[in-house]
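Peer 1: My structure is in entry.pdb, and what it holds is PDB, C-alpha atoms, pLDDT in the B column:
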```pdb
ATOM      1  CA  MET A 265     -74.804 -60.115  -2.386  1.00 54.00           C
ATOM      2  CA  ALA A 266     -76.111 -59.911   1.126  1.00 69.00           C
ATOM      3  CA  SER A 267     -74.984 -59.825   4.678  1.00 79.00           C
ATOM      4  CA  GLY A 268     -71.459 -58.586   5.285  1.00 89.00           C
ATOM      5  CA  ASN A 269     -71.055 -56.613   2.093  1.00 92.00           C
ATOM      6  CA  THR A 270     -69.972 -53.002   2.046  1.00 96.00           C
ATOM      7  CA  LEU A 271     -72.733 -50.783   0.693  1.00 97.00           C
ATOM      8  CA  LEU A 272     -71.240 -47.297   0.796  1.00 98.00           C
ATOM      9  CA  ILE A 273     -68.060 -45.558   1.941  1.00 98.00           C
ATOM     10  CA  PHE A 274     -67.860 -41.881   2.868  1.00 98.00           C
ATOM     11  CA  THR A 275     -64.795 -39.774   3.576  1.00 98.00           C
ATOM     12  CA  PRO A 276     -64.573 -36.197   4.910  1.00 98.00           C
ATOM     13  CA  LEU A 277     -64.502 -34.815   1.370  1.00 98.00           C
ATOM     14  CA  HIS A 278     -67.993 -36.245   0.798  1.00 98.00           C
ATOM     15  CA  ASN A 279     -69.461 -34.149   3.598  1.00 98.00           C
ATOM     16  CA  GLU A 280     -72.415 -31.903   2.765  1.00 98.00           C
ATOM     17  CA  PRO A 281     -72.287 -29.706   5.857  1.00 97.00           C
ATOM     18  CA  PRO A 282     -75.517 -28.481   7.428  1.00 96.00           C
ATOM     19  CA  ALA A 283     -76.161 -24.729   7.434  1.00 95.00           C
ATOM     20  CA  ALA A 284     -75.085 -24.381  11.072  1.00 96.00           C
ATOM     21  CA  ASP A 285     -73.252 -26.390  13.710  1.00 97.00           C
ATOM     22  CA  TYR A 286     -71.257 -28.308  11.141  1.00 98.00           C
ATOM     23  CA  ALA A 287     -68.111 -30.364  11.609  1.00 98.00           C
ATOM     24  CA  THR A 288     -65.103 -28.547  10.200  1.00 97.00           C
ATOM     25  CA  LEU A 289     -62.880 -29.902   7.456  1.00 97.00           C
ATOM     26  CA  ASP A 290     -59.282 -30.199   8.617  1.00 97.00           C
ATOM     27  CA  ILE A 291     -56.099 -32.052   7.721  1.00 96.00           C
ATOM     28  CA  ARG A 292     -54.045 -34.260  10.016  1.00 96.00           C
ATOM     29  CA  ASN A 293     -50.754 -35.238   8.425  1.00 95.00           C
ATOM     30  CA  GLN A 294     -52.480 -34.788   5.042  1.00 96.00           C
ATOM     31  CA  HIS A 295     -55.380 -37.040   6.066  1.00 97.00           C
ATOM     32  CA  PRO A 296     -58.635 -35.171   5.518  1.00 98.00           C
ATOM     33  CA  VAL A 297     -60.646 -35.233   8.743  1.00 98.00           C
ATOM     34  CA  LEU A 298     -63.837 -33.652  10.001  1.00 98.00           C
ATOM     35  CA  ASP A 299     -63.377 -31.967  13.368  1.00 98.00           C
ATOM     36  CA  PHE A 300     -66.271 -32.360  15.794  1.00 98.00           C
ATOM     37  CA  ASP A 301     -66.174 -29.896  18.668  1.00 97.00           C
ATOM     38  CA  ALA A 302     -66.118 -31.024  22.297  1.00 97.00           C
ATOM     39  CA  ALA A 303     -68.301 -28.215  23.618  1.00 96.00           C
ATOM     40  CA  ASP A 304     -71.056 -27.991  20.984  1.00 96.00           C
ATOM     41  CA  ASP A 305     -72.997 -30.609  19.036  1.00 98.00           C
ATOM     42  CA  GLU A 306     -71.757 -30.582  15.442  1.00 98.00           C
ATOM     43  CA  SER A 307     -72.852 -32.655  12.460  1.00 98.00           C
ATOM     44  CA  ALA A 308     -71.795 -33.986   9.095  1.00 98.00           C
ATOM     45  CA  VAL A 309     -74.133 -35.211   6.364  1.00 98.00           C
ATOM     46  CA  PHE A 310     -73.334 -37.656   3.570  1.00 98.00           C
ATOM     47  CA  SER A 311     -75.574 -38.607   0.675  1.00 98.00           C
ATOM     48  CA  GLY A 312     -75.698 -41.550  -1.705  1.00 97.00           C
ATOM     49  CA  ILE A 313     -77.871 -44.209  -3.271  1.00 97.00           C
ATOM     50  CA  LEU A 314     -78.510 -47.520  -1.567  1.00 96.00           C
ATOM     51  CA  PRO A 315     -76.733 -49.887  -3.982  1.00 96.00           C
ATOM     52  CA  ARG A 316     -78.539 -52.390  -6.161  1.00 95.00           C
ATOM     53  CA  HIS A 317     -76.756 -55.252  -4.429  1.00 94.00           C
ATOM     54  CA  TYR A 318     -78.425 -54.373  -1.113  1.00 95.00           C
ATOM     55  CA  ALA A 319     -80.485 -57.420  -0.147  1.00 94.00           C
ATOM     56  CA  GLY A 320     -82.961 -55.782   2.246  1.00 92.00           C
ATOM     57  CA  GLY A 321     -81.308 -56.462   5.587  1.00 94.00           C
ATOM     58  CA  GLY A 322     -80.209 -54.209   8.398  1.00 96.00           C
ATOM     59  CA  ILE A 323     -77.362 -51.761   7.935  1.00 97.00           C
ATOM     60  CA  THR A 324     -74.327 -51.433  10.181  1.00 98.00           C
ATOM     61  CA  VAL A 325     -72.630 -48.039  10.255  1.00 98.00           C
ATOM     62  CA  TYR A 326     -68.930 -47.949  11.095  1.00 98.00           C
ATOM     63  CA  ILE A 327     -67.160 -44.718  11.976  1.00 98.00           C
ATOM     64  CA  HIS A 328     -63.376 -44.328  12.128  1.00 98.00           C
ATOM     65  CA  VAL A 329     -62.352 -41.608  14.564  1.00 98.00           C
ATOM     66  CA  ALA A 330     -59.150 -40.082  15.951  1.00 98.00           C
ATOM     67  CA  PHE A 331     -58.901 -37.406  18.647  1.00 97.00           C
ATOM     68  CA  SER A 332     -56.939 -34.160  18.429  1.00 96.00           C
ATOM     69  CA  SER A 333     -55.867 -34.110  22.083  1.00 95.00           C
ATOM     70  CA  ALA A 334     -57.616 -36.755  24.170  1.00 96.00           C
ATOM     71  CA  THR A 335     -55.958 -40.061  24.968  1.00 95.00           C
ATOM     72  CA  SER A 336     -58.757 -41.183  27.251  1.00 95.00           C
ATOM     73  CA  GLY A 337     -62.428 -40.535  27.740  1.00 96.00           C
ATOM     74  CA  ASN A 338     -65.501 -41.331  25.731  1.00 97.00           C
ATOM     75  CA  SER A 339     -67.328 -39.749  22.818  1.00 98.00           C
ATOM     76  CA  VAL A 340     -70.994 -40.166  21.945  1.00 98.00           C
ATOM     77  CA  TRP A 341     -72.198 -40.156  18.355  1.00 98.00           C
ATOM     78  CA  ASN A 342     -75.714 -39.955  16.982  1.00 98.00           C
ATOM     79  CA  VAL A 343     -76.338 -41.511  13.581  1.00 98.00           C
ATOM     80  CA  SER A 344     -79.528 -41.343  11.536  1.00 98.00           C
ATOM     81  CA  PHE A 345     -80.760 -42.060   8.010  1.00 98.00           C
ATOM     82  CA  GLU A 346     -82.998 -40.004   5.764  1.00 97.00           C
ATOM     83  CA  ARG A 347     -84.771 -41.631   2.852  1.00 96.00           C
ATOM     84  CA  ILE A 348     -85.086 -39.586  -0.336  1.00 95.00           C
ATOM     85  CA  CYS A 349     -87.391 -41.534  -2.618  1.00 87.00           C
ATOM     86  CA  ASN A 350     -89.447 -41.147  -5.740  1.00 83.00           C
ATOM     87  CA  GLU A 351     -92.114 -38.413  -5.293  1.00 83.00           C
ATOM     88  CA  ASP A 352     -92.518 -38.957  -1.582  1.00 82.00           C
ATOM     89  CA  ILE A 353     -90.047 -36.749   0.262  1.00 84.00           C
ATOM     90  CA  ASP A 354     -89.864 -32.947   0.020  1.00 88.00           C
ATOM     91  CA  ILE A 355     -86.192 -32.023   0.187  1.00 91.00           C
ATOM     92  CA  ASP A 356     -87.063 -28.497   1.328  1.00 92.00           C
ATOM     93  CA  GLY A 357     -87.119 -30.008   4.810  1.00 91.00           C
ATOM     94  CA  ASP A 358     -85.154 -32.633   6.701  1.00 94.00           C
ATOM     95  CA  SER A 359     -86.723 -35.927   7.665  1.00 93.00           C
ATOM     96  CA  PHE A 360     -84.026 -37.961   9.346  1.00 96.00           C
ATOM     97  CA  GLY A 361     -85.267 -41.089  11.074  1.00 95.00           C
ATOM     98  CA  VAL A 362     -84.578 -42.469  14.511  1.00 94.00           C
ATOM     99  CA  VAL A 363     -81.153 -41.792  15.988  1.00 97.00           C
ATOM    100  CA  GLN A 364     -78.873 -44.661  16.937  1.00 97.00           C
ATOM    101  CA  GLU A 365     -75.941 -44.099  19.259  1.00 98.00           C
ATOM    102  CA  ILE A 366     -72.283 -45.065  19.092  1.00 98.00           C
ATOM    103  CA  ASN A 367     -70.002 -44.776  22.120  1.00 98.00           C
ATOM    104  CA  LEU A 368     -66.352 -44.541  21.211  1.00 97.00           C
ATOM    105  CA  GLU A 369     -63.408 -44.274  23.590  1.00 97.00           C
ATOM    106  CA  ALA A 370     -60.411 -42.144  22.703  1.00 97.00           C
ATOM    107  CA  PRO A 371     -57.474 -44.393  21.823  1.00 96.00           C
ATOM    108  CA  ASN A 372     -54.000 -43.998  23.259  1.00 94.00           C
ATOM    109  CA  PRO A 373     -51.571 -42.704  22.002  1.00 93.00           C
ATOM    110  CA  CYS A 374     -53.054 -39.657  20.337  1.00 93.00           C
ATOM    111  CA  GLY A 375     -53.140 -40.189  16.577  1.00 93.00           C
ATOM    112  CA  MET A 376     -54.469 -43.729  16.708  1.00 96.00           C
ATOM    113  CA  VAL A 377     -57.807 -44.360  15.018  1.00 98.00           C
ATOM    114  CA  LYS A 378     -60.675 -46.085  16.782  1.00 98.00           C
ATOM    115  CA  VAL A 379     -63.517 -47.783  14.932  1.00 98.00           C
ATOM    116  CA  GLY A 380     -67.021 -47.931  16.370  1.00 98.00           C
ATOM    117  CA  HIS A 381     -70.268 -49.189  14.915  1.00 98.00           C
ATOM    118  CA  VAL A 382     -73.993 -49.384  15.396  1.00 98.00           C
ATOM    119  CA  ASP A 383     -76.567 -51.715  13.854  1.00 97.00           C
ATOM    120  CA  PHE A 384     -79.729 -50.354  12.258  1.00 97.00           C
ATOM    121  CA  THR A 385     -82.491 -52.863  11.659  1.00 96.00           C
ATOM    122  CA  ASP A 386     -84.304 -52.884   8.332  1.00 95.00           C
ATOM    123  CA  GLY A 387     -87.415 -50.688   8.340  1.00 94.00           C
ATOM    124  CA  ALA A 388     -88.067 -47.643  10.496  1.00 95.00           C
ATOM    125  CA  GLN A 389     -84.512 -47.429  11.838  1.00 96.00           C
ATOM    126  CA  ILE A 390     -83.225 -46.789   8.308  1.00 96.00           C
ATOM    127  CA  ASP A 391     -86.192 -44.519   7.554  1.00 95.00           C
ATOM    128  CA  ASN A 392     -87.730 -47.375   5.469  1.00 95.00           C
ATOM    129  CA  LEU A 393     -85.051 -47.128   2.815  1.00 95.00           C
ATOM    130  CA  THR A 394     -85.197 -49.632  -0.004  1.00 95.00           C
ATOM    131  CA  VAL A 395     -82.734 -50.596  -2.682  1.00 95.00           C
ATOM    132  CA  GLY A 396     -81.938 -47.928  -5.271  1.00 95.00           C
ATOM    133  CA  GLU A 397     -83.303 -45.054  -3.209  1.00 96.00           C
ATOM    134  CA  GLY A 398     -81.458 -41.895  -2.305  1.00 96.00           C
ATOM    135  CA  LEU A 399     -80.330 -41.459   1.261  1.00 97.00           C
ATOM    136  CA  ARG A 400     -78.593 -39.088   3.574  1.00 98.00           C
ATOM    137  CA  LEU A 401     -76.672 -40.148   6.637  1.00 98.00           C
ATOM    138  CA  LYS A 402     -76.306 -37.654   9.456  1.00 98.00           C
ATOM    139  CA  ILE A 403     -73.551 -38.052  12.022  1.00 98.00           C
ATOM    140  CA  THR A 404     -73.496 -35.813  15.101  1.00 98.00           C
ATOM    141  CA  ARG A 405     -71.096 -35.753  18.008  1.00 98.00           C
ATOM    142  CA  ASP A 406     -73.416 -35.468  20.995  1.00 98.00           C
ATOM    143  CA  ALA A 407     -70.982 -33.211  22.829  1.00 97.00           C
ATOM    144  CA  ASP A 408     -73.402 -32.179  25.559  1.00 96.00           C
ATOM    145  CA  ASN A 409     -74.216 -35.786  26.433  1.00 97.00           C
ATOM    146  CA  ILE A 410     -73.020 -36.489  29.987  1.00 95.00           C
ATOM    147  CA  ASP A 411     -71.218 -39.595  28.692  1.00 97.00           C
ATOM    148  CA  ASP A 412     -69.244 -37.579  26.126  1.00 98.00           C
ATOM    149  CA  ASN A 413     -66.238 -36.623  28.246  1.00 97.00           C
ATOM    150  CA  ALA A 414     -63.241 -36.802  25.881  1.00 97.00           C
ATOM    151  CA  VAL A 415     -61.377 -33.489  25.798  1.00 96.00           C
ATOM    152  CA  GLY A 416     -61.063 -31.573  22.530  1.00 96.00           C
ATOM    153  CA  ASP A 417     -62.003 -32.311  18.948  1.00 97.00           C
ATOM    154  CA  ALA A 418     -62.892 -35.723  17.578  1.00 98.00           C
ATOM    155  CA  GLU A 419     -61.732 -36.293  14.004  1.00 98.00           C
ATOM    156  CA  LEU A 420     -63.864 -38.390  11.673  1.00 98.00           C
ATOM    157  CA  LEU A 421     -61.831 -40.105   8.933  1.00 98.00           C
ATOM    158  CA  PHE A 422     -64.084 -42.711   7.312  1.00 98.00           C
ATOM    159  CA  VAL A 423     -67.656 -43.959   7.364  1.00 98.00           C
ATOM    160  CA  GLU A 424     -68.653 -47.371   6.078  1.00 98.00           C
ATOM    161  CA  LEU A 425     -72.155 -48.727   5.587  1.00 98.00           C
ATOM    162  CA  LYS A 426     -72.299 -52.504   5.569  1.00 97.00           C
ATOM    163  CA  GLU A 427     -75.246 -54.836   5.217  1.00 96.00           C
ATOM    164  CA  THR A 428     -75.530 -56.308   8.705  1.00 94.00           C
TER
ATOM    165  CA  MET B 203     -63.670  -6.843  38.203  1.00 80.00           C
ATOM    166  CA  THR B 204     -66.448  -9.343  38.706  1.00 88.00           C
ATOM    167  CA  GLN B 205     -66.204 -13.106  38.699  1.00 93.00           C
ATOM    168  CA  LEU B 206     -66.978 -14.839  35.391  1.00 96.00           C
ATOM    169  CA  THR B 207     -70.496 -16.094  34.800  1.00 97.00           C
ATOM    170  CA  ASP B 208     -70.887 -19.792  34.110  1.00 96.00           C
ATOM    171  CA  ASP B 209     -71.526 -19.003  30.428  1.00 97.00           C
ATOM    172  CA  LYS B 210     -68.244 -17.061  30.252  1.00 97.00           C
ATOM    173  CA  ARG B 211     -66.420 -19.916  31.980  1.00 97.00           C
ATOM    174  CA  LYS B 212     -67.888 -22.365  29.447  1.00 97.00           C
ATOM    175  CA  GLU B 213     -66.799 -20.048  26.644  1.00 97.00           C
ATOM    176  CA  LEU B 214     -63.257 -20.049  28.019  1.00 97.00           C
ATOM    177  CA  TRP B 215     -63.350 -23.824  28.521  1.00 97.00           C
ATOM    178  CA  ALA B 216     -64.456 -24.321  24.901  1.00 96.00           C
ATOM    179  CA  GLU B 217     -61.779 -21.896  23.644  1.00 96.00           C
ATOM    180  CA  PHE B 218     -59.094 -23.784  25.552  1.00 96.00           C
ATOM    181  CA  MET B 219     -60.232 -27.114  24.097  1.00 96.00           C
ATOM    182  CA  SER B 220     -60.237 -25.591  20.603  1.00 94.00           C
ATOM    183  CA  LEU B 221     -56.724 -24.263  21.204  1.00 94.00           C
ATOM    184  CA  VAL B 222     -55.256 -27.594  22.335  1.00 94.00           C
ATOM    185  CA  SER B 223     -57.117 -29.347  19.513  1.00 95.00           C
ATOM    186  CA  SER B 224     -55.710 -27.007  16.882  1.00 92.00           C
ATOM    187  CA  GLU B 225     -52.211 -27.486  18.306  1.00 91.00           C
ATOM    188  CA  ARG B 226     -52.882 -31.221  18.754  1.00 89.00           C
ATOM    189  CA  SER B 227     -51.471 -30.915  22.246  1.00 90.00           C
ATOM    190  CA  GLU B 228     -52.063 -34.157  24.065  1.00 89.00           C
ATOM    191  CA  LEU B 229     -54.255 -33.931  27.164  1.00 89.00           C
ATOM    192  CA  ALA B 230     -53.967 -37.217  29.002  1.00 87.00           C
ATOM    193  CA  GLY B 231     -56.049 -38.402  31.928  1.00 90.00           C
ATOM    194  CA  ILE B 232     -58.589 -35.620  32.147  1.00 95.00           C
ATOM    195  CA  THR B 233     -62.187 -35.410  31.034  1.00 95.00           C
ATOM    196  CA  LYS B 234     -64.053 -32.420  29.647  1.00 95.00           C
ATOM    197  CA  GLN B 235     -65.981 -32.118  32.883  1.00 95.00           C
ATOM    198  CA  GLU B 236     -62.771 -32.209  34.962  1.00 96.00           C
ATOM    199  CA  LEU B 237     -61.286 -29.523  32.723  1.00 97.00           C
ATOM    200  CA  LYS B 238     -64.323 -27.328  33.375  1.00 97.00           C
ATOM    201  CA  VAL B 239     -63.690 -27.765  37.115  1.00 97.00           C
ATOM    202  CA  VAL B 240     -60.144 -26.463  36.554  1.00 98.00           C
ATOM    203  CA  VAL B 241     -61.585 -23.304  34.965  1.00 98.00           C
ATOM    204  CA  ASP B 242     -64.037 -22.890  37.844  1.00 98.00           C
ATOM    205  CA  VAL B 243     -61.325 -23.348  40.474  1.00 98.00           C
ATOM    206  CA  ILE B 244     -58.968 -20.857  38.833  1.00 97.00           C
ATOM    207  CA  ASP B 245     -61.701 -18.218  38.573  1.00 97.00           C
ATOM    208  CA  ASN B 246     -62.714 -18.823  42.188  1.00 97.00           C
ATOM    209  CA  TRP B 247     -59.086 -18.589  43.311  1.00 97.00           C
ATOM    210  CA  ILE B 248     -58.624 -15.290  41.470  1.00 95.00           C
ATOM    211  CA  GLU B 249     -61.786 -13.933  43.067  1.00 95.00           C
ATOM    212  CA  ALA B 250     -60.540 -14.847  46.536  1.00 96.00           C
ATOM    213  CA  ALA B 251     -56.985 -13.595  45.906  1.00 96.00           C
ATOM    214  CA  ILE B 252     -57.799 -10.188  44.405  1.00 95.00           C
ATOM    215  CA  PRO B 253     -58.210  -8.311  47.725  1.00 94.00           C
ATOM    216  CA  SER B 254     -54.848  -9.484  49.103  1.00 95.00           C
ATOM    217  CA  PHE B 255     -53.150  -8.785  45.746  1.00 96.00           C
ATOM    218  CA  LEU B 256     -54.479  -5.233  45.694  1.00 95.00           C
ATOM    219  CA  ALA B 257     -53.519  -4.714  49.322  1.00 94.00           C
ATOM    220  CA  ALA B 258     -49.978  -6.002  48.733  1.00 95.00           C
ATOM    221  CA  ILE B 259     -49.047  -3.121  46.398  1.00 96.00           C
ATOM    222  CA  PRO B 260     -47.234  -0.416  48.406  1.00 96.00           C
ATOM    223  CA  SER B 261     -47.846   3.297  48.113  1.00 94.00           C
ATOM    224  CA  PRO B 262     -47.715   5.390  46.100  1.00 96.00           C
ATOM    225  CA  GLY B 263     -48.756   2.741  43.508  1.00 95.00           C
ATOM    226  CA  ASN B 264     -51.549   1.536  45.699  1.00 94.00           C
ATOM    227  CA  THR B 265     -53.278   4.866  45.728  1.00 95.00           C
ATOM    228  CA  ALA B 266     -52.150   6.190  42.334  1.00 97.00           C
ATOM    229  CA  LEU B 267     -53.399   3.220  40.288  1.00 97.00           C
ATOM    230  CA  THR B 268     -56.999   2.084  40.018  1.00 95.00           C
ATOM    231  CA  ALA B 269     -57.861  -1.529  40.804  1.00 94.00           C
ATOM    232  CA  LYS B 270     -58.390  -2.126  37.091  1.00 94.00           C
ATOM    233  CA  GLN B 271     -54.917  -0.718  36.270  1.00 96.00           C
ATOM    234  CA  LYS B 272     -53.287  -2.943  38.891  1.00 96.00           C
ATOM    235  CA  LEU B 273     -55.094  -5.957  37.499  1.00 95.00           C
ATOM    236  CA  TYR B 274     -54.025  -4.975  33.990  1.00 97.00           C
ATOM    237  CA  LEU B 275     -50.409  -5.120  35.162  1.00 97.00           C
ATOM    238  CA  PHE B 276     -51.031  -8.428  36.906  1.00 96.00           C
ATOM    239  CA  ASN B 277     -52.463  -9.884  33.686  1.00 96.00           C
ATOM    240  CA  ALA B 278     -49.601  -8.449  31.583  1.00 97.00           C
ATOM    241  CA  ILE B 279     -46.925  -9.829  33.919  1.00 96.00           C
ATOM    242  CA  VAL B 280     -48.488 -13.306  33.958  1.00 95.00           C
ATOM    243  CA  LYS B 281     -48.725 -13.170  30.157  1.00 96.00           C
ATOM    244  CA  LYS B 282     -45.054 -12.162  29.787  1.00 96.00           C
ATOM    245  CA  ARG B 283     -43.944 -14.894  32.188  1.00 96.00           C
ATOM    246  CA  TRP B 284     -46.084 -17.423  30.297  1.00 93.00           C
ATOM    247  CA  GLU B 285     -44.526 -16.367  26.973  1.00 94.00           C
ATOM    248  CA  VAL B 286     -40.980 -16.754  28.366  1.00 90.00           C
ATOM    249  CA  ASN B 287     -41.652 -20.214  29.762  1.00 74.00           C
TER
END
```
Is it possible to express this structure as structure tokens?

Peer 2:
Amino acid sequence: MASGNTLLIFTPLHNEPPAADYATLDIRNQHPVLDFDAADDESAVFSGILPRHYAGGGITVYIHVAFSSATSGNSVWNVSFERICNEDIDIDGDSFGVVQEINLEAPNPCGMVKVGHVDFTDGAQIDNLTVGEGLRLKITRDADNIDDNAVGDAELLFVELKET
Amino acid sequence: MTQLTDDKRKELWAEFMSLVSSERSELAGITKQELKVVVDVIDNWIEAAIPSFLAAIPSPGNTALTAKQKLYLFNAIVKKRWEVN
């Protein structure tokens, strides 16, 4: 397997919320969603193992997002990887790598889901992850970014990691 | 009754966005920043309108009630009207 293959899928129920400023679990018509506030930066964290079929390329992260109220405007998302490998990383602290940004416009009508993505190159951008290693993916709505102007909560439904 | 600080206005702005989000009330054609301007304008308007509101109440109410009591009634009446409509 190689380019184009799905590596991992996360849903809101996989979230391991940070101690503070976390996205809130909610339900929209029985769809689990994570609500990201419009006024404060909030985050969700997902963990997994980079699958054995990963061939060493870049990783594209897709996020599927709806909005509670907005039918226009933009949202800004920060995405970063943390490598958790054999006897090298102390999990008493966080060590997320470089942040990549996704800009996602609110779809119209309200209730539609918009998909955005960002490409991480192999190496430092994915915190030097290699096949079979543990990882965490942190997703933050950068609510205080001047370009994040969509009113109200953004609702994260799915996250997909695909080999670029 | 002093004008809201910018932090208090932001608090109110965030509360309003949380409210419409929890109700999933659609807000079309307005950005977060434009919504904050709405909060600012309303607070500024209230600040400018308070003296004429207080002056408009005839005696004996004008002298018998404190400014805070008159503004309590103003707030309560707006709230009742909002609940009806």

Peer 1: With the cut-off set at 9 Å and counting all atoms listed in the file, tabulate each residue of chain B with an atom at most that distance from an atom of chain A, showing the nearest atom pair and its distance in Å to one decimal, ordered by chain and increasing number, as a tab-separated table.

Peer 2:
```
residue	atom	partner	partner_atom	distance
B:Lys212	CA	A:Ala303	CA	8.3
B:Glu213	CA	A:Ala303	CA	8.8
B:Trp215	CA	A:Ala303	CA	8.2
B:Ala216	CA	A:Ala303	CA	5.6
B:Phe218	CA	A:Gly416	CA	8.6
B:Met219	CA	A:Gly416	CA	4.8
B:Ser220	CA	A:Gly416	CA	6.3
B:Leu221	CA	A:Gly416	CA	8.6
B:Val222	CA	A:Ser333	CA	6.5
B:Ser223	CA	A:Ser332	CA	4.9
B:Ser224	CA	A:Ser332	CA	7.4
B:Glu225	CA	A:Ser332	CA	8.2
B:Arg226	CA	A:Ser332	CA	5.0
B:Ser227	CA	A:Ser333	CA	5.4
B:Glu228	CA	A:Ser333	CA	4.3
B:Leu229	CA	A:Ala334	CA	5.3
B:Ala230	CA	A:Thr335	CA	5.3
B:Gly231	CA	A:Ser336	CA	6.1
B:Ile232	CA	A:Val415	CA	7.3
B:Thr233	CA	A:Asn413	CA	5.1
B:Lys234	CA	A:Val415	CA	4.8
B:Gln235	CA	A:Asn413	CA	6.5
B:Glu236	CA	A:Asn413	CA	8.8
B:Leu237	CA	A:Val415	CA	8.0
```

Peer 1: Residues picked by the PyMOL selection byres ((chain B and resi 204) around 12) here, as a ChimeraX atom specification?

Peer 2: /B:203,205-207,210,245-246,248-250,252,269-270,273

Peer 1: Applying 10 Å and all atoms listed in the file, which residues near Ser311 (chain A) remain after dropping the ones on its own chain fewer than 3 positions away? List them as a list in words.

Peer 2: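 Once the nearby chain positions are removed, what remains is Leu272, Phe274, His278, Asn279, Glu280, Leu314, Phe345, Glu346, Arg347, Ile348, Gly398, Leu399, Arg400, Leu401 and Lys402 of chain A.
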
Peer 1: Need to verify the contact set: Asn392 (chain A), 12 Å, all atoms listed in the file, exclusion of same-chain residues closer than 4 positions in sequence. Can you return it as a list in words?

Peer 2: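 The filter keeps Leu314, Gly320, Gly321, Gly322, Ile323, Ser344, Phe345, Glu346, Arg347, Ile348, Cys349, Asp352, Ser359, Phe360, Gly361, Val362, Phe384, Thr385, Asp386, Gly387, Ala388, Glu397, Gly398 and Leu399 of chain A.
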
Peer 1: Measuring between only C-alpha atoms, which one of A:Leu368, A:Ala283, A:Leu425, A:Val329 shows the shortest distance to Ser267 (chain A)?

Peer 2: A:Leu425

Peer 1: Is it possible to add N, CA and C atoms to region 271-287 of chain A and hand it back as a short mmCIF file (atom, residue, chain, number, x, y, z; two decimals), in the coordinates of the input?

Peer 2:
```cif
data_model
loop_
_atom_site.label_atom_id
_atom_site.label_comp_id
_atom_site.auth_asym_id
_atom_site.auth_seq_id
_atom_site.Cartn_x
_atom_site.Cartn_y
_atom_site.Cartn_z
N LEU A 271 -71.74 -51.44 1.54
CA LEU A 271 -72.73 -50.78 0.69
C LEU A 271 -72.25 -49.42 0.22
N LEU A 272 -71.71 -48.64 1.14
CA LEU A 272 -71.24 -47.30 0.80
C LEU A 272 -70.05 -46.93 1.68
N ILE A 273 -69.18 -46.09 1.16
CA ILE A 273 -68.06 -45.56 1.94
C ILE A 273 -68.07 -44.04 1.79
N PHE A 274 -67.94 -43.34 2.90
CA PHE A 274 -67.86 -41.88 2.87
C PHE A 274 -66.56 -41.43 3.52
N THR A 275 -65.97 -40.39 2.98
CA THR A 275 -64.80 -39.77 3.58
C THR A 275 -65.13 -38.31 3.87
N PRO A 276 -64.27 -37.60 4.59
CA PRO A 276 -64.57 -36.20 4.91
C PRO A 276 -64.88 -35.33 3.69
N LEU A 277 -64.27 -35.65 2.56
CA LEU A 277 -64.50 -34.82 1.37
C LEU A 277 -65.89 -35.02 0.78
N HIS A 278 -66.61 -36.03 1.24
CA HIS A 278 -67.99 -36.24 0.80
C HIS A 278 -69.00 -35.45 1.63
N ASN A 279 -68.53 -34.81 2.68
CA ASN A 279 -69.46 -34.15 3.60
C ASN A 279 -70.25 -33.04 2.91
N GLU A 280 -71.55 -33.01 3.19
CA GLU A 280 -72.42 -31.90 2.76
C GLU A 280 -72.86 -31.21 4.04
N PRO A 281 -72.06 -30.24 4.51
CA PRO A 281 -72.29 -29.71 5.86
C PRO A 281 -73.64 -29.04 6.00
N PRO A 282 -74.27 -29.22 7.17
CA PRO A 282 -75.52 -28.48 7.43
C PRO A 282 -75.24 -26.98 7.50
N ALA A 283 -76.31 -26.19 7.48
CA ALA A 283 -76.16 -24.73 7.43
C ALA A 283 -75.49 -24.17 8.69
N ALA A 284 -75.66 -24.85 9.81
CA ALA A 284 -75.08 -24.38 11.07
C ALA A 284 -74.61 -25.59 11.86
N ASP A 285 -73.75 -25.33 12.81
CA ASP A 285 -73.25 -26.39 13.71
C ASP A 285 -72.69 -27.57 12.92
N TYR A 286 -71.84 -27.26 12.00
CA TYR A 286 -71.26 -28.31 11.14
C TYR A 286 -69.85 -28.67 11.61
N ALA A 287 -69.48 -29.93 11.37
CA ALA A 287 -68.11 -30.36 11.61
C ALA A 287 -67.21 -29.67 10.59
#
```
